[in-house]
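For reference, final31.cif (mmCIF, C-alpha atoms):
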```cif
data_upload
#
loop_
_atom_site.label_atom_id
_atom_site.label_comp_id
_atom_site.auth_asym_id
_atom_site.auth_seq_id
_atom_site.Cartn_x
_atom_site.Cartn_y
_atom_site.Cartn_z
CA MET A 1 -39.44 103.52 -23.97
CA THR A 2 -41.24 101.85 -26.81
CA LEU A 3 -44.33 99.64 -26.88
CA VAL A 4 -45.75 96.58 -25.12
CA ILE A 5 -49.48 95.79 -25.42
CA ALA A 6 -51.35 93.03 -23.57
CA PHE A 7 -54.90 91.79 -23.55
CA ILE A 8 -55.89 89.87 -20.45
CA GLY A 9 -59.03 87.76 -20.87
CA LYS A 10 -60.68 85.17 -18.66
CA ASN A 11 -59.44 82.32 -20.89
CA GLY A 12 -56.00 83.60 -21.79
CA ALA A 13 -53.58 86.47 -22.16
CA VAL A 14 -51.76 87.73 -25.24
CA MET A 15 -48.88 90.20 -25.37
CA THR A 16 -47.00 91.90 -28.16
CA GLY A 17 -43.88 94.04 -28.04
CA ASP A 18 -41.77 95.79 -30.62
CA LEU A 19 -37.98 95.37 -30.85
CA ARG A 20 -36.77 98.98 -31.09
CA GLU A 21 -34.09 100.41 -28.84
CA ILE A 22 -32.83 103.95 -29.35
CA THR A 23 -29.86 105.53 -27.59
CA PHE A 24 -29.09 109.24 -27.75
CA GLU A 25 -25.73 111.00 -27.36
CA GLY A 26 -25.16 114.72 -27.20
CA GLU A 27 -26.10 117.88 -25.37
CA LYS A 28 -28.93 117.25 -22.90
CA GLN A 29 -31.07 120.20 -24.03
CA ASN A 30 -30.99 119.02 -27.66
CA ARG A 31 -31.50 115.37 -26.65
CA ASP A 32 -34.61 116.44 -24.75
CA LYS A 33 -35.92 118.36 -27.79
CA LEU A 34 -35.36 115.37 -30.08
CA GLU A 35 -36.95 112.93 -27.63
CA LYS A 36 -39.96 115.21 -27.22
CA GLU A 37 -40.55 115.28 -30.99
CA LEU A 38 -40.01 111.52 -31.24
CA TYR A 39 -42.30 110.59 -28.37
CA ASN A 40 -45.15 112.98 -29.23
CA GLY A 41 -45.60 111.52 -32.73
CA THR A 42 -44.02 114.38 -34.70
CA ILE A 43 -41.28 112.11 -36.09
CA VAL A 44 -42.89 109.35 -38.14
CA THR A 45 -40.16 107.63 -40.19
CA ASP A 46 -36.63 106.44 -39.52
CA ASP A 47 -35.34 108.92 -42.13
CA GLU A 48 -37.11 111.79 -40.33
CA LEU A 49 -35.51 110.61 -37.07
CA ALA A 50 -32.03 110.55 -38.62
CA ASN A 51 -32.52 114.02 -40.16
CA LYS A 52 -33.85 115.53 -36.91
CA ALA A 53 -30.97 113.99 -34.95
CA ARG A 54 -28.49 115.62 -37.35
CA GLU A 55 -30.38 118.93 -37.11
CA PHE A 56 -30.12 118.85 -33.29
CA GLY A 57 -26.50 117.61 -33.33
CA ILE A 58 -27.44 114.39 -31.55
CA GLY A 59 -25.89 111.01 -32.19
CA ILE A 60 -28.43 108.19 -32.23
CA THR A 61 -28.18 104.44 -32.40
CA VAL A 62 -31.32 102.59 -33.50
CA THR A 63 -31.50 98.82 -33.20
CA ASP A 64 -34.46 96.53 -33.79
CA CYS A 65 -33.32 93.49 -31.83
CA LYS A 66 -34.37 94.10 -28.21
CA SER A 67 -37.06 91.65 -27.15
CA LYS A 68 -39.30 93.23 -24.53
CA ILE A 69 -41.61 90.27 -23.92
CA SER A 70 -41.14 86.75 -22.57
CA GLU A 71 -43.00 83.92 -20.85
CA ARG A 72 -42.08 82.35 -17.52
CA ASP A 73 -44.04 79.61 -15.75
CA GLY A 74 -47.22 80.44 -17.67
CA VAL A 75 -46.96 84.20 -17.06
CA LEU A 76 -46.32 86.68 -19.89
CA ILE A 77 -43.82 89.40 -18.99
CA GLY A 78 -43.35 92.67 -20.87
CA GLU A 79 -40.91 95.42 -19.98
CA VAL A 80 -40.24 98.95 -21.20
CA SER A 81 -37.48 101.23 -19.99
CA SER A 82 -36.54 104.87 -20.06
CA ILE A 83 -33.62 106.88 -18.74
CA GLU A 84 -34.41 109.93 -16.65
CA GLY A 85 -31.60 111.98 -15.16
CA GLY A 86 -29.13 109.16 -15.72
CA VAL A 87 -31.34 106.68 -13.83
CA THR A 88 -32.86 103.76 -15.73
CA LYS A 89 -36.54 103.35 -14.95
CA LYS A 90 -38.31 100.17 -16.00
CA ARG A 91 -41.98 99.23 -15.99
CA ARG A 92 -42.79 95.55 -16.07
CA LEU A 93 -46.15 93.95 -16.86
CA TYR A 94 -47.00 90.43 -15.70
CA ALA A 95 -50.09 88.82 -17.29
CA SER A 96 -51.90 85.50 -17.35
CA ALA A 97 -55.52 84.51 -17.92
CA GLY A 98 -57.71 86.66 -15.69
CA ASN A 99 -55.03 88.62 -13.79
CA TYR A 100 -52.15 91.02 -14.22
CA ALA A 101 -49.70 93.13 -12.25
CA ILE A 102 -47.54 96.14 -13.07
CA ALA A 103 -44.28 96.85 -11.26
CA GLU A 104 -41.64 99.56 -11.41
CA LEU A 105 -37.96 98.70 -11.20
CA ARG A 106 -35.36 101.19 -10.02
CA ASN A 107 -31.86 99.85 -9.60
CA SER A 108 -32.66 96.34 -8.31
CA GLU A 109 -35.78 97.25 -6.32
CA ILE A 110 -39.20 96.10 -7.56
CA THR A 111 -42.29 98.06 -6.46
CA LEU A 112 -45.74 96.72 -7.28
CA THR A 113 -47.83 99.61 -8.65
CA SER A 114 -51.02 97.78 -9.61
CA HIS A 115 -52.63 94.35 -9.55
CA ALA A 116 -56.07 93.31 -10.70
CA LYS A 117 -58.18 90.36 -11.74
CA GLY A 118 -60.49 90.26 -14.75
CA SER A 119 -60.23 91.28 -18.39
CA ASN A 120 -58.27 94.34 -19.43
CA LEU A 121 -56.11 95.97 -22.09
CA ILE A 122 -52.76 97.24 -20.78
CA VAL A 123 -50.41 99.40 -22.84
CA LEU A 124 -46.87 100.31 -21.75
CA GLY A 125 -45.15 102.96 -23.82
CA ASN A 126 -44.93 106.70 -24.28
CA ASP A 127 -48.11 108.80 -24.25
CA PHE A 128 -48.38 108.88 -28.05
CA THR A 129 -48.00 105.12 -28.57
CA LYS A 130 -50.42 104.42 -25.72
CA GLN A 131 -52.98 106.74 -27.33
CA VAL A 132 -52.56 105.05 -30.74
CA ALA A 133 -52.84 101.52 -29.31
CA ASN A 134 -55.83 102.31 -27.09
CA LYS A 135 -57.71 103.98 -29.97
CA CYS A 136 -56.96 101.10 -32.33
CA PHE A 137 -58.21 98.54 -29.81
CA LYS A 138 -61.33 100.56 -28.99
CA ASP A 139 -62.11 101.03 -32.70
CA ASN A 140 -61.84 97.28 -33.43
CA TRP A 141 -63.12 95.53 -30.28
CA THR A 142 -66.82 94.70 -30.01
CA LYS A 143 -68.93 92.96 -27.39
CA LYS A 144 -68.89 89.89 -29.66
CA SER A 145 -65.08 89.84 -30.02
CA THR A 146 -63.29 86.66 -28.96
CA PHE A 147 -59.82 85.98 -27.59
CA GLN A 148 -58.62 85.19 -31.14
CA ASP A 149 -60.03 88.56 -32.25
CA ALA A 150 -57.95 90.16 -29.48
CA VAL A 151 -54.81 88.53 -30.90
CA LYS A 152 -55.56 89.98 -34.36
CA ILE A 153 -56.40 93.40 -32.91
CA LEU A 154 -53.13 93.54 -30.93
CA ILE A 155 -51.22 92.82 -34.14
CA LEU A 156 -53.15 95.61 -35.87
CA CYS A 157 -52.44 97.99 -32.95
CA ILE A 158 -48.68 97.46 -32.95
CA GLU A 159 -48.52 97.69 -36.76
CA THR A 160 -50.53 100.93 -36.63
CA ALA A 161 -48.20 102.41 -34.00
CA ALA A 162 -45.15 101.45 -36.10
CA ARG A 163 -46.63 103.34 -39.08
CA LYS A 164 -47.28 106.46 -36.96
CA THR A 165 -43.98 106.86 -35.08
CA ALA A 166 -40.30 106.05 -35.50
CA SER A 167 -40.18 105.08 -31.81
CA VAL A 168 -41.73 101.66 -32.63
CA SER A 169 -40.12 99.02 -34.87
CA LYS A 170 -42.00 97.38 -37.71
CA GLN A 171 -40.91 93.99 -36.34
CA PHE A 172 -42.51 92.61 -33.18
CA PHE A 173 -43.01 89.47 -31.14
CA LEU A 174 -46.35 88.10 -30.00
CA ILE A 175 -46.86 85.50 -27.25
CA GLN A 176 -49.90 84.08 -25.54
CA THR A 177 -50.85 81.82 -22.65
CA ALA A 178 -53.96 80.01 -21.46
CA SER A 179 -52.46 79.62 -17.97
CA ASN A 180 -54.29 81.34 -15.12
CA VAL A 181 -51.41 81.16 -12.64
CA ASP A 182 -51.34 83.97 -10.06
CA VAL A 183 -48.95 86.59 -11.47
CA LEU A 184 -47.98 87.71 -7.96
CA LYS A 185 -46.01 84.46 -7.54
CA ILE A 186 -43.70 85.54 -10.37
CA VAL A 187 -43.49 89.10 -9.01
CA GLU A 188 -42.35 87.65 -5.66
CA LYS A 189 -39.79 85.41 -7.39
CA ASP A 190 -38.40 88.50 -9.14
CA ARG A 191 -38.28 90.45 -5.86
CA ASN A 192 -36.31 87.66 -4.20
CA SER A 193 -33.83 87.06 -7.00
#
```
Step by step, read the file and then write its structure as structure tokens.
Amino acid sequence: MTLVIAFIGKNGAVMTGDLREITFEGEKQNRDKLEKELYNGTIVTDDELANKAREFGIGITVTDCKSKISERDGVLIGEVSSIEGGVTKKRRLYASAGNYAIAELRNSEITLTSHAKGSNLIVLGNDFTKQVANKCFKDNWTKKSTFQDAVKILILCIETAARKTASVSKQFFLIQTASNVDVLKIVEKDRNS
């Protein structure tokens, strides 16, 4: 699981996502120890991650080419995944101007976990990256901030997270929409496909 951040405003939505994907191979107990250190912010750089992996006897593959965000029919879609007990768990965020939905995917089943209208900041990631992104946004957003300010703040948030943990790539994508289409229409399309 890495990082997807979205700002939903009344006039538009903007979403950013990093490109990092990390796979772990080795003894489960040591994998769990390494993942704990990675996802709690203890491991900051790629070199530290490689050294810790060697220390724990874990093989890792790090790639920075997995796009986690896209746009479909005016709706921004971001997805993060994690593997728990051999089962892939995905969380998907759907956002457009003034509304968003979050769904969980297990196997091919999609379960809607939340849906709301209005303005909001949504962060999908591990606890540490969520904390970093939320603090960054809170520290930079004011009552006078505009949608374009939100775009700049999201860029700052993902860059800040990438400096603080090796679980987030330095590269990222950013997309935005002014569409206010009902996100539930896309959720239903996904459920029926």
To verify the selection step, state as a PyMOL selection string which residues the PyMOL selection byres ((chain A and resi 68-77) around 6) yields on this input. chain A and resi 17+67+78-79+93-96+179
Please determine, counting all atoms listed in the file, which residue among A:Thr42, A:Gln176, A:Ser81, A:Thr23 has the shortest atom-to-atom distance to Thr63 (chain A).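 When distances to Thr63 (chain A) are compared using all atoms listed in the file, the smallest one comes from A:Thr23.
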Kindly indicate which residue among A:Leu19, A:Arg106, A:Glu37, A:Ala6 lies nearest to Phe173 (chain A), using only C-alpha atoms for the distances.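 Between A:Leu19, A:Arg106, A:Glu37, A:Ala6, the residue approaching Phe173 (chain A) most closely is A:Leu19.
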Just how far from CA of Leu38 (chain A) is CA of Ser167 (chain A), in Å to one decimal?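 So the two atoms, CA of Ser167 (chain A) and CA of Leu38 (chain A), lie 6.5 Å apart.
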Looking at only C-alpha atoms, which of A:Ala50, A:Ala116, A:Ala133, A:Cys157 is the one that sits closest to Leu184 (chain A)?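 Closest to Leu184 (chain A) of all the choices is A:Ala116.
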Could you tell me which of A:Leu105, A:Cys65, A:Leu154, A:Leu49 comes closest to Ile5 (chain A) if we count only C-alpha atoms?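 Checking each of A:Leu105, A:Cys65, A:Leu154, A:Leu49 against Ile5 (chain A), counting only C-alpha atoms, the winner is A:Leu154.
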Expected answer as a PyMOL selection string: all residues with atoms within 12 Å of (-49.5, 106.3, -35.5), all atoms listed in the file: chain A and resi 38-45+127-136+156-170
Separation of CA of Asn30 (chain A) from CA of Glu55 (chain A) in Å: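 That distance, rounded to one decimal, is 9.5 Å.
Closest approach to Ile175 (chain A) among A:Met15, A:Ile8, A:Leu3, A:Ile110 is made by A:Met15 (distances from all atoms listed in the file).
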Long-range neighbours of His115 (chain A) as a PDB file with C-alpha atoms, keeping the file's coordinate frame, 7 Å cut-off, all atoms listed in the file, 5 positions minimum in chain:
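Listing of selection02.pdb after writing:
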```
ATOM      1  CA  TYR A 100     -52.150  91.020 -14.220  1.00  0.00           C
ATOM      2  CA  ALA A 101     -49.700  93.130 -12.250  1.00  0.00           C
ATOM      3  CA  ILE A 102     -47.540  96.140 -13.070  1.00  0.00           C
TER       4      ILE A 102
END
```
Of the residues A:Asp182, A:Gly98, A:Val187, A:Thr146, which is the one nearest to Thr113 (chain A), using all atoms listed in the file?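 Among the listed residues, A:Val187 lies closest to Thr113 (chain A).
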Please write out, as AutoDock Vina command-line options, where the centre of an axis-aligned box around all listed atoms of region 24-41 of chain A lies and how long its edges are, in Å to one decimal, after adding 8 Å on each side.
```
--center_x -35.4 --center_y 114.7 --center_z -27.8 --size_x 36.4 --size_y 27.0 --size_z 25.8
```
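Picked by the PyMOL selection byres ((chain A and resi 58) around 12) from the coordinates shown: Ile22, Thr23, Phe24, Glu25, Gly26, Glu27, Lys28, Gln29, Asn30, Arg31, Asp32, Lys33, Leu34, Glu35, Leu49, Ala50, Asn51, Lys52, Ala53, Arg54, Glu55, Phe56, Gly57, Gly59, Ile60 and Thr61 of chain A.
The space separating CA of Ala13 (chain A) from CA of Lys89 (chain A) comes to 25.0 Å.
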Mind listing whatever residues come within 12 Å of the point (-30.3, 95.2, -8.2)? Use all atoms listed in the file, file coordinates, and give them as JSON, numbers by chain. {"A": [88, 105, 106, 107, 108, 109, 110, 190, 191, 192, 193]}
Picked residues, the PyMOL selection byres ((chain A and resi 124) around 6), expected as a ChimeraX atom specification: /A:3-4,123,125
Produce a file of the selected residues containing C-alpha atoms, as an mmCIF file, in the coordinates of the input.
```cif
data_model
loop_
_atom_site.group_PDB
_atom_site.id
_atom_site.type_symbol
_atom_site.label_atom_id
_atom_site.label_comp_id
_atom_site.auth_asym_id
_atom_site.auth_seq_id
_atom_site.Cartn_x
_atom_site.Cartn_y
_atom_site.Cartn_z
ATOM 1 C CA LEU A 3 -44.330 99.640 -26.880
ATOM 2 C CA VAL A 4 -45.750 96.580 -25.120
ATOM 3 C CA VAL A 123 -50.410 99.400 -22.840
ATOM 4 C CA GLY A 125 -45.150 102.960 -23.820
#
```
Where atoms are missing, can you supply N, CA and C atoms for region 101-136 of chain A and output the lot as a JSON list (two decimals), keeping the file's coordinate frame?
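Once everything was written out, this is selection-v7.json:
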```
[["chain", "number", "residue", "atom", "x", "y", "z"],
["A", 101, "ALA", "N", -50.34, 92.23, -13.20],
["A", 101, "ALA", "CA", -49.70, 93.13, -12.25],
["A", 101, "ALA", "C", -48.72, 94.01, -13.02],
["A", 102, "ILE", "N", -48.53, 95.22, -12.51],
["A", 102, "ILE", "CA", -47.54, 96.14, -13.07],
["A", 102, "ILE", "C", -46.59, 96.53, -11.95],
["A", 103, "ALA", "N", -45.29, 96.49, -12.25],
["A", 103, "ALA", "CA", -44.28, 96.85, -11.26],
["A", 103, "ALA", "C", -43.30, 97.84, -11.87],
["A", 104, "GLU", "N", -42.71, 98.66, -10.99],
["A", 104, "GLU", "CA", -41.64, 99.56, -11.41],
["A", 104, "GLU", "C", -40.34, 99.04, -10.84],
["A", 105, "LEU", "N", -39.28, 99.13, -11.63],
["A", 105, "LEU", "CA", -37.96, 98.70, -11.20],
["A", 105, "LEU", "C", -37.03, 99.89, -11.23],
["A", 106, "ARG", "N", -36.41, 100.16, -10.10],
["A", 106, "ARG", "CA", -35.36, 101.19, -10.02],
["A", 106, "ARG", "C", -34.18, 100.53, -9.35],
["A", 107, "ASN", "N", -33.03, 100.60, -10.02],
["A", 107, "ASN", "CA", -31.86, 99.85, -9.60],
["A", 107, "ASN", "C", -32.28, 98.39, -9.52],
["A", 108, "SER", "N", -32.23, 97.75, -8.38],
["A", 108, "SER", "CA", -32.66, 96.34, -8.31],
["A", 108, "SER", "C", -33.92, 96.19, -7.47],
["A", 109, "GLU", "N", -34.58, 97.30, -7.15],
["A", 109, "GLU", "CA", -35.78, 97.25, -6.32],
["A", 109, "GLU", "C", -37.04, 97.21, -7.17],
["A", 110, "ILE", "N", -37.93, 96.26, -6.83],
["A", 110, "ILE", "CA", -39.20, 96.10, -7.56],
["A", 110, "ILE", "C", -40.34, 96.57, -6.67],
["A", 111, "THR", "N", -41.13, 97.53, -7.18],
["A", 111, "THR", "CA", -42.29, 98.06, -6.46],
["A", 111, "THR", "C", -43.55, 97.75, -7.25],
["A", 112, "LEU", "N", -44.47, 97.03, -6.64],
["A", 112, "LEU", "CA", -45.74, 96.72, -7.28],
["A", 112, "LEU", "C", -46.59, 97.99, -7.33],
["A", 113, "THR", "N", -47.03, 98.38, -8.53],
["A", 113, "THR", "CA", -47.83, 99.61, -8.65],
["A", 113, "THR", "C", -49.30, 99.33, -8.90],
["A", 114, "SER", "N", -49.61, 98.14, -9.46],
["A", 114, "SER", "CA", -51.02, 97.78, -9.61],
["A", 114, "SER", "C", -51.15, 96.28, -9.80],
["A", 115, "HIS", "N", -52.31, 95.77, -9.40],
["A", 115, "HIS", "CA", -52.63, 94.35, -9.55],
["A", 115, "HIS", "C", -54.13, 94.25, -9.63],
["A", 116, "ALA", "N", -54.62, 93.46, -10.58],
["A", 116, "ALA", "CA", -56.07, 93.31, -10.70],
["A", 116, "ALA", "C", -56.41, 91.97, -11.33],
["A", 117, "LYS", "N", -57.63, 91.57, -11.13],
["A", 117, "LYS", "CA", -58.18, 90.36, -11.74],
["A", 117, "LYS", "C", -59.23, 90.80, -12.75],
["A", 118, "GLY", "N", -59.49, 89.94, -13.74],
["A", 118, "GLY", "CA", -60.49, 90.26, -14.75],
["A", 118, "GLY", "C", -59.85, 90.56, -16.09],
["A", 119, "SER", "N", -60.68, 90.98, -17.03],
["A", 119, "SER", "CA", -60.23, 91.28, -18.39],
["A", 119, "SER", "C", -59.79, 92.74, -18.49],
["A", 120, "ASN", "N", -58.75, 92.98, -19.29],
["A", 120, "ASN", "CA", -58.27, 94.34, -19.43],
["A", 120, "ASN", "C", -57.31, 94.43, -20.61],
["A", 121, "LEU", "N", -57.14, 95.64, -21.11],
["A", 121, "LEU", "CA", -56.11, 95.97, -22.09],
["A", 121, "LEU", "C", -55.10, 96.84, -21.36],
["A", 122, "ILE", "N", -53.83, 96.46, -21.42],
["A", 122, "ILE", "CA", -52.76, 97.24, -20.78],
["A", 122, "ILE", "C", -51.76, 97.63, -21.86],
["A", 123, "VAL", "N", -51.38, 98.90, -21.87],
["A", 123, "VAL", "CA", -50.41, 99.40, -22.84],
["A", 123, "VAL", "C", -49.29, 100.10, -22.08],
["A", 124, "LEU", "N", -48.05, 99.65, -22.30],
["A", 124, "LEU", "CA", -46.87, 100.31, -21.75],
["A", 124, "LEU", "C", -46.13, 100.96, -22.90],
["A", 125, "GLY", "N", -45.85, 102.24, -22.77],
["A", 125, "GLY", "CA", -45.15, 102.96, -23.82],
["A", 125, "GLY", "C", -45.21, 104.45, -23.51],
["A", 126, "ASN", "N", -44.82, 105.26, -24.48],
["A", 126, "ASN", "CA", -44.93, 106.70, -24.28],
["A", 126, "ASN", "C", -46.38, 107.12, -24.52],
["A", 127, "ASP", "N", -46.71, 108.35, -24.16],
["A", 127, "ASP", "CA", -48.11, 108.80, -24.25],
["A", 127, "ASP", "C", -48.68, 108.65, -25.66],
["A", 128, "PHE", "N", -47.89, 108.96, -26.67],
["A", 128, "PHE", "CA", -48.38, 108.88, -28.05],
["A", 128, "PHE", "C", -48.70, 107.44, -28.45],
["A", 129, "THR", "N", -47.76, 106.51, -28.18],
["A", 129, "THR", "CA", -48.00, 105.12, -28.57],
["A", 129, "THR", "C", -49.15, 104.52, -27.77],
["A", 130, "LYS", "N", -49.29, 104.91, -26.52],
["A", 130, "LYS", "CA", -50.42, 104.42, -25.72],
["A", 130, "LYS", "C", -51.74, 104.91, -26.32],
["A", 131, "GLN", "N", -51.77, 106.17, -26.73],
["A", 131, "GLN", "CA", -52.98, 106.74, -27.33],
["A", 131, "GLN", "C", -53.33, 106.00, -28.63],
["A", 132, "VAL", "N", -52.34, 105.75, -29.48],
["A", 132, "VAL", "CA", -52.56, 105.05, -30.74],
["A", 132, "VAL", "C", -53.09, 103.64, -30.49],
["A", 133, "ALA", "N", -52.44, 102.91, -29.59],
["A", 133, "ALA", "CA", -52.84, 101.52, -29.31],
["A", 133, "ALA", "C", -54.23, 101.45, -28.69],
["A", 134, "ASN", "N", -54.50, 102.31, -27.73],
["A", 134, "ASN", "CA", -55.83, 102.31, -27.09],
["A", 134, "ASN", "C", -56.94, 102.63, -28.09],
["A", 135, "LYS", "N", -56.70, 103.62, -28.96],
["A", 135, "LYS", "CA", -57.71, 103.98, -29.97],
["A", 135, "LYS", "C", -57.93, 102.83, -30.95],
["A", 136, "CYS", "N", -56.86, 102.22, -31.39],
["A", 136, "CYS", "CA", -56.96, 101.10, -32.33],
["A", 136, "CYS", "C", -57.77, 99.96, -31.72]]
```
